[in-house]
Amino acid sequence: MLSLIIQRLLALIPLLFIVSVLTFSFTSLLPSDPVDLIIGETGTHEQYEMVRQRLGLNEPVVERYFMWLGKAVRGDLGTSFFNSVNVTQAVMQRLPVTMSLTLVSAAIAIVVGVAAGIVAALRPRSWVDRFATIGATIGQAIPNFWFGLILVALFAVNLRWFPATGFTPFSASPWDWLRSVTLPAIALGLASSAAIARQVRSAMVGVLQQDYIRAARAQGLSARRVIFRHALTNALVPVVAVLSFQITVLLGGALIVEQVFAINGLGTLAIAAVRQQDIPMIQGLVLVMVELVVLAQLATDIIYGLLNPKARPS
């Protein structure tokens, strides 16, 4: 298992290098000049040159890339062009907000998706199975931002059970944190729970028809032990692959759901950076988001290796 982790970590080095090259290259090819956005149309030629020199834009692209990469390796993602804010500090301040939303929505998606998939698989072709299948299809079809608006109108505006907007840090009040993150997490986790439910149902139906499941039942084992100890453990092997993709979807969807619930996470920071064409902020956000996705993929690879010994390197 240790060799699997080492192999995955070594594979991350060229991947992150390629991502850094593409990120820096694409942001450098933006049609507008950031100096024009900073100074405006009334600036003089001397002011333009002074700002370009201060920002390091007069240097060749390759030299600027390696300077940026050297600082990024040390944890310095640069400084914003517009408000002189340290990019690393700005991202780290918003990161706990987005991670809270993503982790809670992932927990909801896993619990709801696995439970619905098991119930549907235990009674295939019944009304329970058809209801779960229809619900999963609808859940995948509904946009998370539209579902978030419905939740706000129903549970925040009408019933006043949850706050409509804002985010409370866990350190300030765990209860208020849970109330503030519940609605956006449900809106975000709905589609992922539907995808997980469909995969669990398909995997469980196949596993329950295997000979070792029949042998376990013939030995007099309880239904709960057969389902959760033998069937579910083997059915989760293909589900982990879907889960790794859904974690990526949740991270991307969190950036949109944050706008619906007025949560100051990475999504708000990313939209502001794109509108201003704040190149250092965009580069830092893309790099951090890719690192989060890569870490999520690494975690799912480790879980997959624990569940499936055949996936471990010899």
# chains A, B, ... in the order shown; residues from 1 in each chain; ligands from 1
$ residues_around --residues "Met204 (chain A)" --least-positions-apart "6" --cutoff "9 Å" --atoms "only C-alpha atoms" --output "PDB file with C-alpha atoms, in the first residue's frame"
ATOM      1  CA  GLY A 117     -28.789   2.611  -4.080  1.00  0.00           C
ATOM      2  CA  ILE A 118     -28.978  -0.160  -1.476  1.00  0.00           C
ATOM      3  CA  ALA A 121     -30.966  -2.932  -5.260  1.00  0.00           C
ATOM      4  CA  LEU A 122     -32.690  -4.985  -2.557  1.00  0.00           C
ATOM      5  CA  ILE A 227     -25.580  -6.790   2.834  1.00  0.00           C
ATOM      6  CA  ALA A 231     -22.203  -7.298  -0.620  1.00  0.00           C
ATOM      7  CA  LEU A 232     -21.641  -3.594   0.011  1.00  0.00           C
ATOM      8  CA  ASN A 234     -17.485  -5.489  -2.930  1.00  0.00           C
ATOM      9  CA  ALA A 235     -20.041  -3.206  -4.561  1.00  0.00           C
ATOM     10  CA  LEU A 236     -18.183  -0.089  -3.407  1.00  0.00           C
TER      11      LEU A 236
END
$ select_by_dssp --residues "region 80-303 of chain A" --states "helix (DSSP H, G or I)" --output "MDAnalysis selection string"
chainID A and resid 87:122 127:141 144:158 174:208 211:218 223:260 266:276 279:303
$ residues_around --residues "region 167-171 of chain A" --least-positions-apart "2" --cutoff "8 Å" --atoms "only C-alpha atoms" --output "PDB file with N, CA and C atoms, in the first residue's frame"
ATOM      1  N   VAL A  97     -13.914  28.067   3.729  1.00  0.00           N
ATOM      2  CA  VAL A  97     -15.337  28.214   3.400  1.00  0.00           C
ATOM      3  C   VAL A  97     -15.730  27.228   2.300  1.00  0.00           C
ATOM      4  N   THR A 165     -28.582  33.595   3.319  1.00  0.00           N
ATOM      5  CA  THR A 165     -27.257  33.934   2.794  1.00  0.00           C
ATOM      6  C   THR A 165     -26.251  33.928   3.938  1.00  0.00           C
ATOM      7  N   SER A 173     -19.244  29.448  15.870  1.00  0.00           N
ATOM      8  CA  SER A 173     -20.411  28.757  16.412  1.00  0.00           C
ATOM      9  C   SER A 173     -20.668  27.510  15.584  1.00  0.00           C
ATOM     10  N   PRO A 174     -20.420  26.315  16.122  1.00  0.00           N
ATOM     11  CA  PRO A 174     -20.668  25.090  15.341  1.00  0.00           C
ATOM     12  C   PRO A 174     -22.119  24.954  14.890  1.00  0.00           C
ATOM     13  N   TRP A 175     -23.077  25.351  15.721  1.00  0.00           N
ATOM     14  CA  TRP A 175     -24.477  25.245  15.344  1.00  0.00           C
ATOM     15  C   TRP A 175     -24.829  26.206  14.208  1.00  0.00           C
ATOM     16  N   ASP A 176     -24.385  27.447  14.331  1.00  0.00           N
ATOM     17  CA  ASP A 176     -24.645  28.411  13.259  1.00  0.00           C
ATOM     18  C   ASP A 176     -23.906  28.029  11.984  1.00  0.00           C
ATOM     19  N   TRP A 177     -22.726  27.438  12.133  1.00  0.00           N
ATOM     20  CA  TRP A 177     -21.999  26.954  10.951  1.00  0.00           C
ATOM     21  C   TRP A 177     -22.803  25.884  10.232  1.00  0.00           C
ATOM     22  N   LEU A 178     -23.370  24.931  10.993  1.00  0.00           N
ATOM     23  CA  LEU A 178     -24.164  23.865  10.393  1.00  0.00           C
ATOM     24  C   LEU A 178     -25.412  24.421   9.711  1.00  0.00           C
ATOM     25  N   SER A 180     -25.781  27.430   8.449  1.00  0.00           N
ATOM     26  CA  SER A 180     -25.411  28.230   7.283  1.00  0.00           C
ATOM     27  C   SER A 180     -24.964  27.381   6.106  1.00  0.00           C
ATOM     28  N   VAL A 181     -24.480  26.174   6.371  1.00  0.00           N
ATOM     29  CA  VAL A 181     -23.941  25.350   5.290  1.00  0.00           C
ATOM     30  C   VAL A 181     -24.925  24.277   4.832  1.00  0.00           C
ATOM     31  N   ILE A 263     -21.963  33.450  -0.319  1.00  0.00           N
ATOM     32  CA  ILE A 263     -20.908  32.928   0.542  1.00  0.00           C
ATOM     33  C   ILE A 263     -19.564  33.388  -0.013  1.00  0.00           C
ATOM     34  N   ASN A 264     -18.756  33.973   0.829  1.00  0.00           N
ATOM     35  CA  ASN A 264     -17.461  34.502   0.395  1.00  0.00           C
ATOM     36  C   ASN A 264     -16.402  33.405   0.421  1.00  0.00           C
TER      37      ASN A 264
END
$ closest_residue --among "A:Val19, A:Ile279, A:Leu243, A:Ala216" --to "Ile110 (chain A)" --atoms "only C-alpha atoms"
A:Leu243
$ closest_residue --among "A:Leu77, A:Val242, A:Ile6, A:Ala197" --to "Ala116 (chain A)" --atoms "only C-alpha atoms"
A:Ala197
$ residues_around --residues "region 139-149 of chain A" --least-positions-apart "4" --cutoff "10 Å" --atoms "only C-alpha atoms" --output "VMD selection string"
chain A and resid 133 to 135 153 to 154 156 164 183 to 195 253 to 254 256 to 261
$ residues_around --residues "region 292-299 of chain A" --least-positions-apart "3" --cutoff "7 Å" --atoms "only C-alpha atoms" --output "MDAnalysis selection string"
chainID A and resid 8 244 247:248 288:289 302:303
$ write_last_selection --atoms "all heavy atoms" --output "PDB file, in the first residue's frame"
ATOM      1  N   ARG A   8       1.734   7.328  -6.633  1.00  0.00           N
ATOM      2  CA  ARG A   8       0.784   8.399  -6.923  1.00  0.00           C
ATOM      3  C   ARG A   8       1.393   9.769  -6.623  1.00  0.00           C
ATOM      4  O   ARG A   8       1.167  10.739  -7.368  1.00  0.00           O
ATOM      5  CB  ARG A   8      -0.487   8.202  -6.087  1.00  0.00           C
ATOM      6  CG  ARG A   8      -1.281   6.968  -6.448  1.00  0.00           C
ATOM      7  CD  ARG A   8      -1.816   7.053  -7.855  1.00  0.00           C
ATOM      8  NE  ARG A   8      -2.711   5.944  -8.169  1.00  0.00           N
ATOM      9  CZ  ARG A   8      -2.342   4.789  -8.686  1.00  0.00           C
ATOM     10  NH1 ARG A   8      -1.041   4.580  -8.975  1.00  0.00           N
ATOM     11  NH2 ARG A   8      -3.216   3.842  -8.951  1.00  0.00           N
ATOM     12  N   SER A 244     -14.618   9.665  -7.054  1.00  0.00           N
ATOM     13  CA  SER A 244     -13.494  10.559  -7.333  1.00  0.00           C
ATOM     14  C   SER A 244     -13.893  11.631  -8.340  1.00  0.00           C
ATOM     15  O   SER A 244     -13.501  12.795  -8.212  1.00  0.00           O
ATOM     16  CB  SER A 244     -12.314   9.748  -7.869  1.00  0.00           C
ATOM     17  OG  SER A 244     -12.649   9.143  -9.111  1.00  0.00           O
ATOM     18  N   ILE A 247     -16.297  14.209  -6.560  1.00  0.00           N
ATOM     19  CA  ILE A 247     -15.596  15.180  -5.713  1.00  0.00           C
ATOM     20  C   ILE A 247     -15.126  16.361  -6.550  1.00  0.00           C
ATOM     21  O   ILE A 247     -15.228  17.529  -6.137  1.00  0.00           O
ATOM     22  CB  ILE A 247     -14.403  14.510  -4.995  1.00  0.00           C
ATOM     23  CG1 ILE A 247     -14.898  13.452  -3.993  1.00  0.00           C
ATOM     24  CG2 ILE A 247     -13.560  15.552  -4.282  1.00  0.00           C
ATOM     25  CD1 ILE A 247     -15.704  14.015  -2.845  1.00  0.00           C
ATOM     26  N   THR A 248     -14.628  16.076  -7.746  1.00  0.00           N
ATOM     27  CA  THR A 248     -14.225  17.146  -8.657  1.00  0.00           C
ATOM     28  C   THR A 248     -15.417  18.005  -9.051  1.00  0.00           C
ATOM     29  O   THR A 248     -15.324  19.236  -9.115  1.00  0.00           O
ATOM     30  CB  THR A 248     -13.565  16.546  -9.904  1.00  0.00           C
ATOM     31  OG1 THR A 248     -12.480  15.703  -9.516  1.00  0.00           O
ATOM     32  CG2 THR A 248     -13.044  17.638 -10.811  1.00  0.00           C
ATOM     33  N   VAL A 288      -4.365  26.264  -7.012  1.00  0.00           N
ATOM     34  CA  VAL A 288      -4.881  25.699  -5.757  1.00  0.00           C
ATOM     35  C   VAL A 288      -6.034  24.731  -6.034  1.00  0.00           C
ATOM     36  O   VAL A 288      -6.108  23.649  -5.433  1.00  0.00           O
ATOM     37  CB  VAL A 288      -5.329  26.825  -4.809  1.00  0.00           C
ATOM     38  CG1 VAL A 288      -6.088  26.262  -3.616  1.00  0.00           C
ATOM     39  CG2 VAL A 288      -4.120  27.602  -4.316  1.00  0.00           C
ATOM     40  N   MET A 289      -6.942  25.093  -6.951  1.00  0.00           N
ATOM     41  CA  MET A 289      -8.055  24.206  -7.266  1.00  0.00           C
ATOM     42  C   MET A 289      -7.563  22.900  -7.877  1.00  0.00           C
ATOM     43  O   MET A 289      -8.090  21.819  -7.571  1.00  0.00           O
ATOM     44  CB  MET A 289      -9.019  24.905  -8.216  1.00  0.00           C
ATOM     45  CG  MET A 289      -9.775  26.063  -7.603  1.00  0.00           C
ATOM     46  SD  MET A 289     -10.817  25.551  -6.215  1.00  0.00           S
ATOM     47  CE  MET A 289     -11.991  24.494  -7.049  1.00  0.00           C
ATOM     48  N   ILE A 302      -6.217   5.750  -2.956  1.00  0.00           N
ATOM     49  CA  ILE A 302      -5.842   4.996  -1.755  1.00  0.00           C
ATOM     50  C   ILE A 302      -7.017   4.148  -1.270  1.00  0.00           C
ATOM     51  O   ILE A 302      -6.861   2.973  -0.911  1.00  0.00           O
ATOM     52  CB  ILE A 302      -5.368   5.971  -0.657  1.00  0.00           C
ATOM     53  CG1 ILE A 302      -4.069   6.663  -1.094  1.00  0.00           C
ATOM     54  CG2 ILE A 302      -5.144   5.224   0.655  1.00  0.00           C
ATOM     55  CD1 ILE A 302      -3.603   7.742  -0.136  1.00  0.00           C
ATOM     56  N   ILE A 303      -8.226   4.747  -1.257  1.00  0.00           N
ATOM     57  CA  ILE A 303      -9.408   3.984  -0.844  1.00  0.00           C
ATOM     58  C   ILE A 303      -9.663   2.827  -1.803  1.00  0.00           C
ATOM     59  O   ILE A 303     -10.004   1.707  -1.377  1.00  0.00           O
ATOM     60  CB  ILE A 303     -10.632   4.917  -0.782  1.00  0.00           C
ATOM     61  CG1 ILE A 303     -10.424   5.973   0.297  1.00  0.00           C
ATOM     62  CG2 ILE A 303     -11.903   4.123  -0.500  1.00  0.00           C
ATOM     63  CD1 ILE A 303     -11.519   7.023   0.330  1.00  0.00           C
TER      64      ILE A 303
END
$ atom_distance --atom1 "CA of Met99 (chain A)" --atom2 "CA of Ala270 (chain A)"
14.9 Å
$ closest_residue --among "A:Val91, A:Val200, A:Thr182, A:Ala272" --to "Val152 (chain A)" --atoms "only C-alpha atoms"
A:Thr182
$ atom_distance --atom1 "CA of Ile282 (chain A)" --atom2 "CA of Thr27 (chain A)"
7.8 Å
$ closest_residue --among "A:Val128, A:Leu15, A:Ala136, A:Val237" --to "Ala109 (chain A)" --atoms "only C-alpha atoms"
A:Ala136
$ closest_residue --among "A:Val61, A:Ala241, A:Ile138, A:Ala273" --to "Leu29 (chain A)" --atoms "only C-alpha atoms"
A:Val61
